[in-house]
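Have a look at data.cif below; it lists mmCIF, C-alpha atoms.
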data_final
#
loop_
_atom_site.group_PDB
_atom_site.id
_atom_site.type_symbol
_atom_site.label_atom_id
_atom_site.label_comp_id
_atom_site.auth_asym_id
_atom_site.auth_seq_id
_atom_site.Cartn_x
_atom_site.Cartn_y
_atom_site.Cartn_z
ATOM 1 C CA MET A 133 -13.959 -14.535 -1.960
ATOM 2 C CA GLY A 134 -12.558 -13.393 1.365
ATOM 3 C CA LYS A 135 -11.554 -10.334 3.315
ATOM 4 C CA LEU A 136 -8.410 -9.322 5.180
ATOM 5 C CA ILE A 137 -9.074 -7.073 8.174
ATOM 6 C CA ILE A 138 -6.486 -5.302 10.329
ATOM 7 C CA GLU A 139 -7.807 -3.811 13.564
ATOM 8 C CA GLY A 140 -5.700 -1.274 15.419
ATOM 9 C CA ILE A 141 -2.216 -2.782 15.169
ATOM 10 C CA ASN A 142 0.731 -1.078 16.817
ATOM 11 C CA PHE A 143 4.412 -1.821 16.342
ATOM 12 C CA SER A 144 7.551 -0.230 17.776
ATOM 13 C CA TYR A 145 11.251 -0.868 17.287
ATOM 14 C CA GLN A 146 13.713 0.197 19.983
ATOM 15 C CA HIS A 147 11.098 2.530 21.498
ATOM 16 C CA ASP A 148 10.410 4.043 18.071
ATOM 17 C CA LYS A 149 6.726 3.886 17.120
ATOM 18 C CA LEU A 150 6.512 2.702 13.487
ATOM 19 C CA LEU A 151 2.826 1.734 13.207
ATOM 20 C CA ASP A 152 0.205 3.523 15.271
ATOM 21 C CA ASN A 153 -3.306 2.071 15.595
ATOM 22 C CA VAL A 154 -3.432 0.941 11.942
ATOM 23 C CA PHE A 155 -6.798 -0.101 10.517
ATOM 24 C CA PHE A 156 -6.925 -1.678 7.075
ATOM 25 C CA GLU A 157 -9.091 -4.006 5.034
ATOM 26 C CA MET A 158 -9.107 -5.424 1.530
ATOM 27 C CA LYS A 159 -11.016 -8.022 -0.424
ATOM 28 C CA ASN A 160 -9.735 -11.225 -1.948
ATOM 29 C CA PRO A 161 -9.545 -11.264 -4.948
ATOM 30 C CA GLY A 162 -8.146 -7.808 -5.729
ATOM 31 C CA ILE A 163 -5.002 -5.663 -5.706
ATOM 32 C CA PHE A 164 -4.207 -2.976 -3.141
ATOM 33 C CA GLY A 165 -1.375 -0.544 -3.919
ATOM 34 C CA LEU A 166 0.383 0.870 -0.862
ATOM 35 C CA MET A 167 2.243 4.139 -1.382
ATOM 36 C CA GLY A 168 4.478 6.092 0.970
ATOM 37 C CA LEU A 169 7.811 7.866 1.263
ATOM 38 C CA ASN A 170 10.993 5.970 2.187
ATOM 39 C CA GLY A 171 10.914 5.134 5.891
ATOM 40 C CA ALA A 172 7.142 5.495 6.148
ATOM 41 C CA GLY A 173 6.803 1.923 7.440
ATOM 42 C CA LYS A 174 5.592 -0.029 4.408
ATOM 43 C CA SER A 175 8.029 -2.925 4.879
ATOM 44 C CA THR A 176 7.317 -2.938 8.611
ATOM 45 C CA PHE A 177 3.601 -3.258 7.866
ATOM 46 C CA PHE A 178 4.269 -6.124 5.450
ATOM 47 C CA ASN A 179 6.474 -7.886 8.020
ATOM 48 C CA CYS A 180 3.631 -7.662 10.526
ATOM 49 C CA LEU A 181 1.128 -9.096 8.032
ATOM 50 C CA SER A 182 3.342 -12.026 7.084
ATOM 51 C CA GLY A 183 4.398 -12.942 10.625
ATOM 52 C CA TYR A 184 8.023 -11.801 10.434
ATOM 53 C CA ASN A 185 7.142 -9.223 13.089
ATOM 54 C CA ASN A 186 4.578 -9.727 15.818
ATOM 55 C CA PHE A 187 2.681 -6.504 16.468
ATOM 56 C CA GLU A 188 2.222 -5.348 20.052
ATOM 57 C CA THR A 189 -1.544 -4.860 20.044
ATOM 58 C CA GLY A 190 -4.327 -5.311 17.505
ATOM 59 C CA LEU A 191 -5.849 -8.123 15.447
ATOM 60 C CA LEU A 192 -5.383 -9.657 12.005
ATOM 61 C CA LYS A 193 -8.467 -11.405 10.650
ATOM 62 C CA ILE A 194 -9.283 -13.305 7.477
ATOM 63 C CA ASN A 195 -13.028 -13.798 6.992
ATOM 64 C CA ASP A 196 -13.619 -12.762 10.632
ATOM 65 C CA ARG A 197 -11.236 -15.460 11.911
ATOM 66 C CA ILE A 198 -8.282 -14.230 13.966
ATOM 67 C CA ILE A 199 -4.968 -15.409 12.491
ATOM 68 C CA LYS A 200 -2.188 -15.685 15.047
ATOM 69 C CA ASN A 201 1.385 -14.713 14.262
ATOM 70 C CA ASN A 202 2.730 -18.260 13.941
ATOM 71 C CA LYS A 203 -0.053 -19.244 11.502
ATOM 72 C CA ARG A 204 0.211 -16.355 9.046
ATOM 73 C CA TRP A 205 2.637 -18.148 6.742
ATOM 74 C CA LYS A 206 -0.256 -20.441 5.795
ATOM 75 C CA HIS A 207 -2.220 -17.480 4.436
ATOM 76 C CA PHE A 208 0.460 -15.134 3.011
ATOM 77 C CA SER A 209 3.233 -15.527 0.464
ATOM 78 C CA TYR A 210 5.709 -12.680 0.865
ATOM 79 C CA LEU A 211 8.254 -11.198 -1.512
ATOM 80 C CA ASN A 212 10.389 -8.954 0.677
ATOM 81 C CA GLN A 213 13.149 -6.631 -0.484
ATOM 82 C CA LYS A 214 15.996 -9.083 0.178
ATOM 83 C CA ASN A 215 16.924 -12.000 -2.100
ATOM 84 C CA PHE A 216 15.808 -15.260 -0.500
ATOM 85 C CA LEU A 217 17.091 -17.857 -2.992
ATOM 86 C CA PRO A 218 20.416 -19.614 -2.146
ATOM 87 C CA PHE A 219 23.123 -18.382 -4.522
ATOM 88 C CA ASP A 220 24.794 -21.802 -4.830
ATOM 89 C CA MET A 221 21.571 -23.483 -6.001
ATOM 90 C CA LYS A 222 20.621 -23.917 -9.642
ATOM 91 C CA VAL A 223 17.455 -22.249 -10.906
ATOM 92 C CA LYS A 224 15.696 -25.574 -11.543
ATOM 93 C CA GLN A 225 16.523 -26.736 -8.004
ATOM 94 C CA ALA A 226 15.215 -23.500 -6.484
ATOM 95 C CA ILE A 227 11.967 -23.801 -8.419
ATOM 96 C CA LYS A 228 11.513 -27.404 -7.240
ATOM 97 C CA LEU A 229 12.264 -26.475 -3.614
ATOM 98 C CA PHE A 230 10.369 -23.190 -3.250
ATOM 99 C CA SER A 231 7.601 -23.167 -5.857
ATOM 100 C CA SER A 232 4.273 -24.909 -5.291
ATOM 101 C CA SER A 233 3.385 -24.746 -8.996
ATOM 102 C CA GLU A 234 5.167 -25.273 -12.304
ATOM 103 C CA ILE A 235 6.809 -22.155 -13.741
ATOM 104 C CA ILE A 236 6.386 -21.829 -17.490
ATOM 105 C CA ASP A 237 8.306 -18.805 -18.719
ATOM 106 C CA GLU A 238 10.586 -18.364 -21.731
ATOM 107 C CA ARG A 239 13.141 -16.309 -19.848
ATOM 108 C CA ILE A 240 13.379 -18.721 -16.914
ATOM 109 C CA GLU A 241 13.520 -21.730 -19.254
ATOM 110 C CA GLU A 242 16.849 -20.447 -20.587
ATOM 111 C CA LEU A 243 18.254 -20.106 -17.052
ATOM 112 C CA ARG A 244 17.275 -23.440 -15.482
ATOM 113 C CA SER A 245 20.795 -24.903 -15.374
ATOM 114 C CA ILE A 246 22.456 -21.713 -14.096
ATOM 115 C CA LYS A 247 23.234 -21.092 -10.419
ATOM 116 C CA ILE A 248 21.261 -18.305 -8.724
ATOM 117 C CA GLY A 249 24.484 -16.450 -7.902
ATOM 118 C CA LYS A 250 25.322 -16.179 -11.617
ATOM 119 C CA LEU A 251 22.047 -14.451 -12.492
ATOM 120 C CA SER A 252 21.767 -10.703 -12.935
ATOM 121 C CA SER A 253 19.914 -8.735 -10.253
ATOM 122 C CA GLY A 254 16.923 -8.384 -12.584
ATOM 123 C CA GLU A 255 16.863 -12.108 -13.395
ATOM 124 C CA LYS A 256 16.963 -13.025 -9.689
ATOM 125 C CA ARG A 257 14.148 -10.625 -8.887
ATOM 126 C CA TYR A 258 12.032 -11.838 -11.784
ATOM 127 C CA LEU A 259 12.458 -15.473 -10.698
ATOM 128 C CA GLU A 260 11.600 -14.616 -7.090
ATOM 129 C CA ASN A 261 8.415 -12.908 -8.261
ATOM 130 C CA LEU A 262 7.346 -15.967 -10.243
ATOM 131 C CA ILE A 263 7.959 -18.260 -7.272
ATOM 132 C CA ILE A 264 6.046 -16.091 -4.799
ATOM 133 C CA LEU A 265 3.149 -15.508 -7.206
ATOM 134 C CA GLY A 266 2.959 -19.263 -7.794
ATOM 135 C CA MET A 267 2.483 -20.137 -4.128
ATOM 136 C CA ASN A 268 -0.966 -21.306 -3.129
ATOM 137 C CA ARG A 269 -1.814 -18.646 -0.548
ATOM 138 C CA GLU A 270 -4.900 -16.486 -0.075
ATOM 139 C CA PHE A 271 -2.899 -13.258 0.007
ATOM 140 C CA ILE A 272 0.324 -12.264 -1.766
ATOM 141 C CA ILE A 273 2.568 -9.451 -0.495
ATOM 142 C CA LEU A 274 4.955 -7.849 -3.001
ATOM 143 C CA ASP A 275 7.559 -5.426 -1.619
ATOM 144 C CA GLU A 276 9.494 -3.786 -4.474
ATOM 145 C CA PRO A 277 8.686 -6.489 -7.071
ATOM 146 C CA PHE A 278 9.829 -4.342 -10.024
ATOM 147 C CA SER A 279 13.243 -3.469 -8.547
ATOM 148 C CA GLU A 280 16.039 -3.787 -11.174
ATOM 149 C CA ILE A 281 13.714 -5.458 -13.696
ATOM 150 C CA GLU A 282 13.765 -4.253 -17.309
ATOM 151 C CA PRO A 283 10.660 -2.471 -18.694
ATOM 152 C CA LEU A 284 9.716 -5.402 -20.952
ATOM 153 C CA TYR A 285 9.602 -7.769 -17.988
ATOM 154 C CA ILE A 286 7.878 -5.232 -15.750
ATOM 155 C CA ALA A 287 5.083 -5.314 -18.331
ATOM 156 C CA LYS A 288 5.027 -9.142 -18.314
ATOM 157 C CA LEU A 289 5.091 -9.210 -14.522
ATOM 158 C CA SER A 290 2.293 -6.639 -14.288
ATOM 159 C CA LYS A 291 0.167 -8.808 -16.565
ATOM 160 C CA LEU A 292 0.839 -11.860 -14.387
ATOM 161 C CA ILE A 293 -0.018 -9.921 -11.202
ATOM 162 C CA LYS A 294 -3.345 -8.882 -12.737
ATOM 163 C CA GLU A 295 -4.015 -12.502 -13.718
ATOM 164 C CA LYS A 296 -3.203 -13.783 -10.228
ATOM 165 C CA SER A 297 -5.457 -11.152 -8.665
ATOM 166 C CA LYS A 298 -8.487 -12.983 -10.068
ATOM 167 C CA GLU A 299 -7.984 -15.645 -7.398
ATOM 168 C CA HIS A 300 -5.816 -13.968 -4.734
ATOM 169 C CA GLY A 301 -5.649 -10.784 -2.713
ATOM 170 C CA ILE A 302 -2.436 -8.924 -3.609
ATOM 171 C CA ILE A 303 -0.801 -6.065 -1.697
ATOM 172 C CA ILE A 304 1.977 -4.292 -3.559
ATOM 173 C CA THR A 305 4.391 -1.409 -3.105
ATOM 174 C CA ASP A 306 7.238 -0.216 -5.318
ATOM 175 C CA HIS A 307 9.220 2.953 -6.052
ATOM 176 C CA ASN A 308 7.880 2.592 -9.600
ATOM 177 C CA HIS A 309 4.528 4.026 -8.588
ATOM 178 C CA HIS A 310 3.327 4.207 -12.210
ATOM 179 C CA ALA A 311 3.595 0.402 -12.465
ATOM 180 C CA VAL A 312 1.843 -0.040 -9.101
ATOM 181 C CA ARG A 313 -0.973 2.320 -9.979
ATOM 182 C CA SER A 314 -1.509 0.640 -13.342
ATOM 183 C CA VAL A 315 -2.397 -2.706 -11.741
ATOM 184 C CA CYS A 316 -4.177 -1.896 -8.471
ATOM 185 C CA ASP A 317 -7.911 -1.768 -7.783
ATOM 186 C CA GLU A 318 -7.505 0.314 -4.617
ATOM 187 C CA ILE A 319 -4.732 2.541 -3.392
ATOM 188 C CA GLY A 320 -3.656 3.845 -0.033
ATOM 189 C CA ILE A 321 -0.819 5.804 1.499
ATOM 190 C CA LEU A 322 1.068 5.056 4.700
ATOM 191 C CA ARG A 323 1.667 8.387 6.345
ATOM 192 C CA ASN A 324 2.170 9.374 9.987
ATOM 193 C CA ARG A 325 2.246 5.647 10.861
ATOM 194 C CA ARG A 326 -1.289 5.016 9.540
ATOM 195 C CA ILE A 327 -2.851 3.882 6.249
ATOM 196 C CA ILE A 328 -5.295 6.181 4.457
ATOM 197 C CA LYS A 329 -7.215 4.982 1.412
ATOM 198 C CA ILE A 330 -7.171 7.571 -1.382
ATOM 199 C CA LYS A 331 -8.180 7.979 -5.017
ATOM 200 C CA ASN A 332 -5.660 6.853 -7.602
ATOM 201 C CA THR A 333 -4.827 10.348 -8.866
ATOM 202 C CA ASP A 334 -1.715 12.564 -8.872
ATOM 203 C CA GLU A 335 -3.653 15.226 -6.970
ATOM 204 C CA GLU A 336 -4.660 12.856 -4.160
ATOM 205 C CA LEU A 337 -1.078 11.626 -3.802
ATOM 206 C CA ARG A 338 0.267 15.183 -3.645
ATOM 207 C CA LEU A 339 -2.360 16.179 -1.080
ATOM 208 C CA ASN A 340 -1.294 13.281 1.115
ATOM 209 C CA GLY A 341 2.398 14.098 0.960
ATOM 210 C CA TYR A 342 3.616 11.342 -1.338
ATOM 211 C CA TYR A 343 5.559 13.674 -3.597
ATOM 212 C CA ALA A 344 8.309 15.384 -1.658
#
Could you render the structure as structure tokens?
Amino acid sequence: MGKLIIEGINFSYQHDKLLDNVFFEMKNPGIFGLMGLNGAGKSTFFNCLSGYNNFETGLLKINDRIIKNNKRWKHFSYLNQKNFLPFDMKVKQAIKLFSSSEIIDERIEELRSIKIGKLSSGEKRYLENLIILGMNREFIILDEPFSEIEPLYIAKLSKLIKEKSKEHGIIITDHNHHAVRSVCDEIGILRNRRIIKIKNTDEELRLNGYYA
């Protein structure tokens, strides 16, 4: 059991303020669903959590211990929106190189001898999810995990995310908000450069400007 605490972080890009005095906390284990319109700053927030971006002011704490930018990779595994697996590498080689646990999955078993570049977009994304979810980190960040994945495998992935949330803190966002809302314990919306926790209802989302 642990807790992630964000205290007043600010981040700007080329004089554009993207995150403004953001406060956030969540428990580990558990799943937090982050909603927000395109351009709201969800990926920017995730980049700050994982250490890709270093915020200008504010603190990131895990169990009341401040985690500096260059140490965050020890605490977070991060699935960002871009493919990270080398296209000229075979699936079995990528699993051996990037995964910290064995991947047992019928779909992936059939693909082990195929190069990453030969996989479909959905197959690549599914494999990346399995690798990130298999990493031994306290917190897992999933940015668009369901992108280009078929409904059958979205269901399998959702089940795995729920299973992993028994031992990890998971933060997730996706355009498929129905899939996100079906797995999360808490939900929040990033609006006006800040995160507001809300109830997981259509009405609450509409009231907070999620539906355009």
- Quick one: which residues end up in the PyMOL selection byres ((chain A and resi 307) around 9) for this structure, as a ChimeraX atom specification? /A:167,169-170,276,278-279,305-306,308-312
- Message: Within 6 Å of (5.7, -15.0, -3.6) in the file's own coordinates, which protein, DNA or RNA residues have an atom, counting only C-alpha atoms? List them as a VMD selection string.
- Response: chain A and resid 209 to 211 261 263 to 265
- Item | Residue nearest A:His207 - candidates A:Glu234, A:Asp148, A:Glu241, A:Glu270, atoms counted: all atoms listed in the file | A:Glu270
- Please measure the separation of atom CA of A:Ile302 and atom CA of A:Glu336, giving the value in Å to one decimal.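 Atom-to-atom, atom CA of A:Ile302 to atom CA of A:Glu336, that is 21.9 Å.
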- Do you know which residues lie at most 10 Å from (12.7, -12.5, -7.9), with coordinates as in the file and only C-alpha atoms counted, and could you write them as a VMD selection string? chain A and resid 211 to 217 253 to 264 276 to 281
- Task: Output the residue selection produced by the PyMOL selection byres ((chain A and resi 232) around 6) on the file above, formatted as a list in words.
- Result: Ser231, Ser233 and Met267 of chain A
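Between atom CA of A:Phe187 and atom CA of A:Ile141 the interatomic distance comes to 6.3 Å.
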- Message: Between atom CA of A:Lys193 and atom CA of A:Ser290, what distance in Å does the model show, to one decimal?
- Response: 27.6 Å
- Item | Ground truth for the PyMOL selection byres ((chain A and resi 206) around 12), written as a list in words |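 Written out, the selection comes to Leu181, Ser182, Gly183, Ile194, Ile199, Lys200, Asn201, Asn202, Lys203, Arg204, Trp205, His207, Phe208, Ser209, Tyr210, Met267, Asn268, Arg269, Glu270, Phe271 and Ile272 of chain A.
Distances here use only C-alpha atoms; by that measure, the residue among A:Gly140, A:Ser252, A:Gly168, A:Ile273 closest to A:Arg338 is A:Gly168.
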- Excluding stretch 318-320 of chain A and residues on its chain fewer than 3 positions from it, collect all residues at most 12 Å away from it, counting all atoms listed in the file, and give them as number ranges by chain. A: 155-159, 161-168, 174, 301-305, 309, 312-315, 323, 326-334, 336-337, 340-342
- Query: So which one's closest to A:Asn179, A:Leu243, A:Leu136, A:Leu274, A:Asn195? Using all atoms listed in the file, please.
  - Reply: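 Smallest distance to A:Asn179 is found for A:Leu274.
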- Message: Counting all atoms listed in the file, which residue out of A:Ser297, A:Asn324, A:Ser144, A:Thr176 sits closest to A:Thr189?
- Response: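 Counting all atoms listed in the file, the residue closest to A:Thr189 is A:Ser144.
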- Task: Using only C-alpha atoms, find the one residue out of A:Ile240, A:Ile138, A:Ile321, A:Ile286 that sits nearest to A:Asn153.
- Result: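 Ranking A:Ile240, A:Ile138, A:Ile321, A:Ile286 by distance to A:Asn153, first place goes to A:Ile138.
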Can you tell me, as AutoDock Vina command-line options, the centre and edge lengths (Å, one decimal) of the axis-aligned box enclosing all of stretch 270-274 of chain A's listed atoms after padding each side by 4 Å?
--center_x 0.0 --center_y -12.2 --center_z -1.5 --size_x 17.9 --size_y 16.6 --size_z 11.0
- Task: Considering all atoms listed in the file, return as a ChimeraX atom specification whatever protein or nucleic-acid residues lie within 12 Å of A:Glu242, sequence-local ones (same chain, fewer than 5 positions apart) excluded.
- Result: /A:223-224,236-237,251,255,259
- Query: Between A:Arg239, A:Arg197, A:Lys247, A:Lys298, which is the closest to A:Met221 once you count all atoms listed in the file?
  - Reply: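 Among the listed residues, A:Lys247 lies closest to A:Met221.
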